[in-house]
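Trainee: Structure provided below as structure tokens; questions to follow.
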Amino acid sequence: MPFPDHVFYHTPRLKGLITPPDISEVRFGLERFDELDQQAAEEGWPDGWRMDHDAREENRQQVLKDRMDRDLWVFGYGSLIWDPGVYVEEYRFGTLHGWRRSFCMLLTGGRGSHDRPGLMAALDEGDLCHGVVIRIAGQLVDRETWYMWNREMFAGSYVPLFLPVDTPQGPVEALAFVMNHENFRYCPDISREEAARMIAEAEGNLGPNFDYLDNLVRHLDELGIEDRPMRDLHALAAAHRAGPGTPRT
């Protein structure tokens, strides 16, 4: 079922481009963890690849303490923009200062492997990040954030923080999932050239790592969200895949 029209009152260009939660593949329950646990055992993933269910729920309760019964804003910088996986009351474009999209999270599964790891985008410290903020109605916050934590915090690679976000309709305080610098997947010192090479070459059971970057850039273009460094990284990775002699930007 599509989102109601009022959800896109401030962002009419997004209408029809956002995946409704009832058909979203990122809205999942504990049965998905059972599938991943089996895959982890078969492929020999390292211990601690995901958060314990109780630890994840404790984290959610702690972060959202005293916020469960009022509207909640969430900042989206990646797939959360076009596939939130939750029921939303309002979309706005937003700018988060002091943070940027960065391919700084190591991937050894999904779109990478232990032999040829890839990279995934996360929020890391930087200048700014253009994205969206979505508003979840207060009466749905408890239920919807349960699904959101399953998606965002399944591996413990993020730290949920409340941060100020500028929107054309005024500033809001929004929940943002930023890169956990203590997590073993954090790799901040990879150059742009090395990141492009890894993304161009990595592949896992979900397909090529490049497809993830290509999908991100394509959606940002479609939604009218600016991020030149992502486009530059995409061009470098595409050139690497094309082989020697291809012009690079």
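Identifiers in the structure tokens: chain A, B, ... in order shown; residue index from 1 per chain; ligand index from 1 in order shown.
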Quick one: residues within 10 Å of A:Arg192, only C-alpha atoms counted, chain neighbours fewer than 6 positions away excluded, as an MDAnalysis selection string?

Mentor: chainID A and resid 102:103 198 229 232:233 236:237

Trainee: Would you kindly return, as a list in words, each protein, DNA or RNA residue with an atom no farther than 10 Å from any atom of A:Gly224, considering only C-alpha atoms and excluding same-chain residues fewer than 5 positions away?

Mentor: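 Answer for this query is Arg13, Leu14, Phe93, His130, Gly131, Arg218 and His219 of chain A.
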
Trainee: From a backbone DSSP assignment, name each residue in stretch 56-233 of chain A labelled helix (DSSP H, G or I), as a PyMOL selection string.

Mentor: chain A and resi 56-63+79-82+138-152+192-201+209-223+228-233

Trainee: Output as a count of residues only all residues of stretch 32-243 of chain A that backbone DSSP marks as strand (DSSP E or B).

Mentor: 64

Trainee: Applying 6 Å and only C-alpha atoms, which residues near stretch 152-162 of chain A remain after dropping the ones on its own chain fewer than 6 positions away? List them as a ChimeraX atom specification.

Mentor: /A:49-51,174-180,183

Trainee: Give me the residues of stretch 77-167 of chain A that have any atom at most 8 Å from an atom of stretch 60-69 of chain A; for each, the nearest atom pair and the distance in Å, rounded to one decimal. Use only C-alpha atoms, sort by chain and number, and format it as a Markdown table.

Mentor:
| residue | atom | partner | partner_atom | distance |
| --- | --- | --- | --- | --- |
| A:Gly138 | CA | A:Asp69 | CA | 4.8 |
| A:Gln139 | CA | A:Asp69 | CA | 5.9 |
| A:Val141 | CA | A:Met68 | CA | 5.7 |
| A:Asp142 | CA | A:Met68 | CA | 5.6 |
| A:Thr145 | CA | A:Arg60 | CA | 7.8 |
| A:Trp146 | CA | A:Arg60 | CA | 7.7 |
| A:Trp149 | CA | A:Arg60 | CA | 6.9 |
| A:Pro160 | CA | A:Val63 | CA | 7.1 |
| A:Leu161 | CA | A:Val63 | CA | 7.8 |

Trainee: Okay, now the selection with C-alpha atoms, as a PDB file, in the first residue's frame?

Mentor:
ATOM      1  CA  GLY A 138       4.362   8.803  18.523  1.00  0.00           C
ATOM      2  CA  GLN A 139       1.853   5.974  18.849  1.00  0.00           C
ATOM      3  CA  VAL A 141       7.418   4.588  17.720  1.00  0.00           C
ATOM      4  CA  ASP A 142       7.758   1.498  19.917  1.00  0.00           C
ATOM      5  CA  THR A 145      11.730   1.218  16.014  1.00  0.00           C
ATOM      6  CA  TRP A 146      11.764  -2.492  16.914  1.00  0.00           C
ATOM      7  CA  TRP A 149      16.776  -1.740  15.278  1.00  0.00           C
ATOM      8  CA  PRO A 160      22.471   5.662  17.533  1.00  0.00           C
ATOM      9  CA  LEU A 161      22.725   9.390  18.339  1.00  0.00           C
TER      10      LEU A 161
END

Trainee: Nearest residue to A:Leu96 out of A:Thr167, A:Asn59, A:Ser113, A:Gln38, using only C-alpha atoms?

Mentor: A:Thr167

Trainee: Extract, using only C-alpha atoms, all DNA, RNA and protein residues at most 8 Å from stretch 81-87 of chain A, discarding same-chain residues fewer than 5 positions from it, and format them as a list in words.

Mentor: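 Once the nearby chain positions are removed, what remains is Leu17, Ile18, Thr19, Pro20, Pro21, Asp22, Ser24, Glu25, Val26, Arg27, Gly76, Gly131, Val132, Ile136, Leu140, Glu144, Thr145, Tyr147, Met148 and His219 of chain A.
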
Trainee: Those residues with C-alpha atoms, as a short mmCIF file (atom, residue, chain, number, x, y, z; two decimals), in the first residue's frame please?

Mentor:
data_model
loop_
_atom_site.label_atom_id
_atom_site.label_comp_id
_atom_site.auth_asym_id
_atom_site.auth_seq_id
_atom_site.Cartn_x
_atom_site.Cartn_y
_atom_site.Cartn_z
CA LEU A 17 9.75 6.68 -5.29
CA ILE A 18 9.64 5.34 -1.73
CA THR A 19 9.12 1.64 -0.96
CA PRO A 20 6.09 1.10 1.31
CA PRO A 21 6.86 -0.89 4.47
CA ASP A 22 4.35 -3.65 3.72
CA SER A 24 9.89 -3.85 2.12
CA GLU A 25 12.50 -6.60 2.45
CA VAL A 26 14.26 -4.68 5.24
CA ARG A 27 11.25 -4.92 7.57
CA GLY A 76 18.33 8.88 6.37
CA GLY A 131 19.62 13.34 3.05
CA VAL A 132 16.13 13.21 4.49
CA ILE A 136 7.35 8.36 12.88
CA LEU A 140 3.91 3.85 16.43
CA GLU A 144 8.39 0.71 14.29
CA THR A 145 11.73 1.22 16.01
CA TYR A 147 11.91 -3.21 13.18
CA MET A 148 14.37 -0.38 12.64
CA HIS A 219 18.90 6.74 -6.02
#

Trainee: Looking at only C-alpha atoms, which of A:Pro2, A:Trp73, A:Arg111, A:Arg228 is the one that sits closest to A:Leu128?

Mentor: A:Arg228

Trainee: Residues within 7 Å of A:Glu89, please, as an MDAnalysis selection string. Count only C-alpha atoms; anything in the same chain fewer than 4 positions from it doesn't count.

Mentor: chainID A and resid 7 135:137

Trainee: Pick from A:His97, A:Arg151, A:Arg185, A:His6: nearest to A:Gly126, with only C-alpha atoms counted?

Mentor: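 Of A:His97, A:Arg151, A:Arg185, A:His6, the one nearest A:Gly126 is A:His97, counting only C-alpha atoms.
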
Trainee: Find the residues near A:Asp211: any atom within 10 Å, counting only C-alpha atoms, skip ones fewer than 4 places away on the same chain, and give them as JSON, numbers by chain.

Mentor: {"A": [111, 199, 200, 203, 206, 207, 215, 216, 217]}
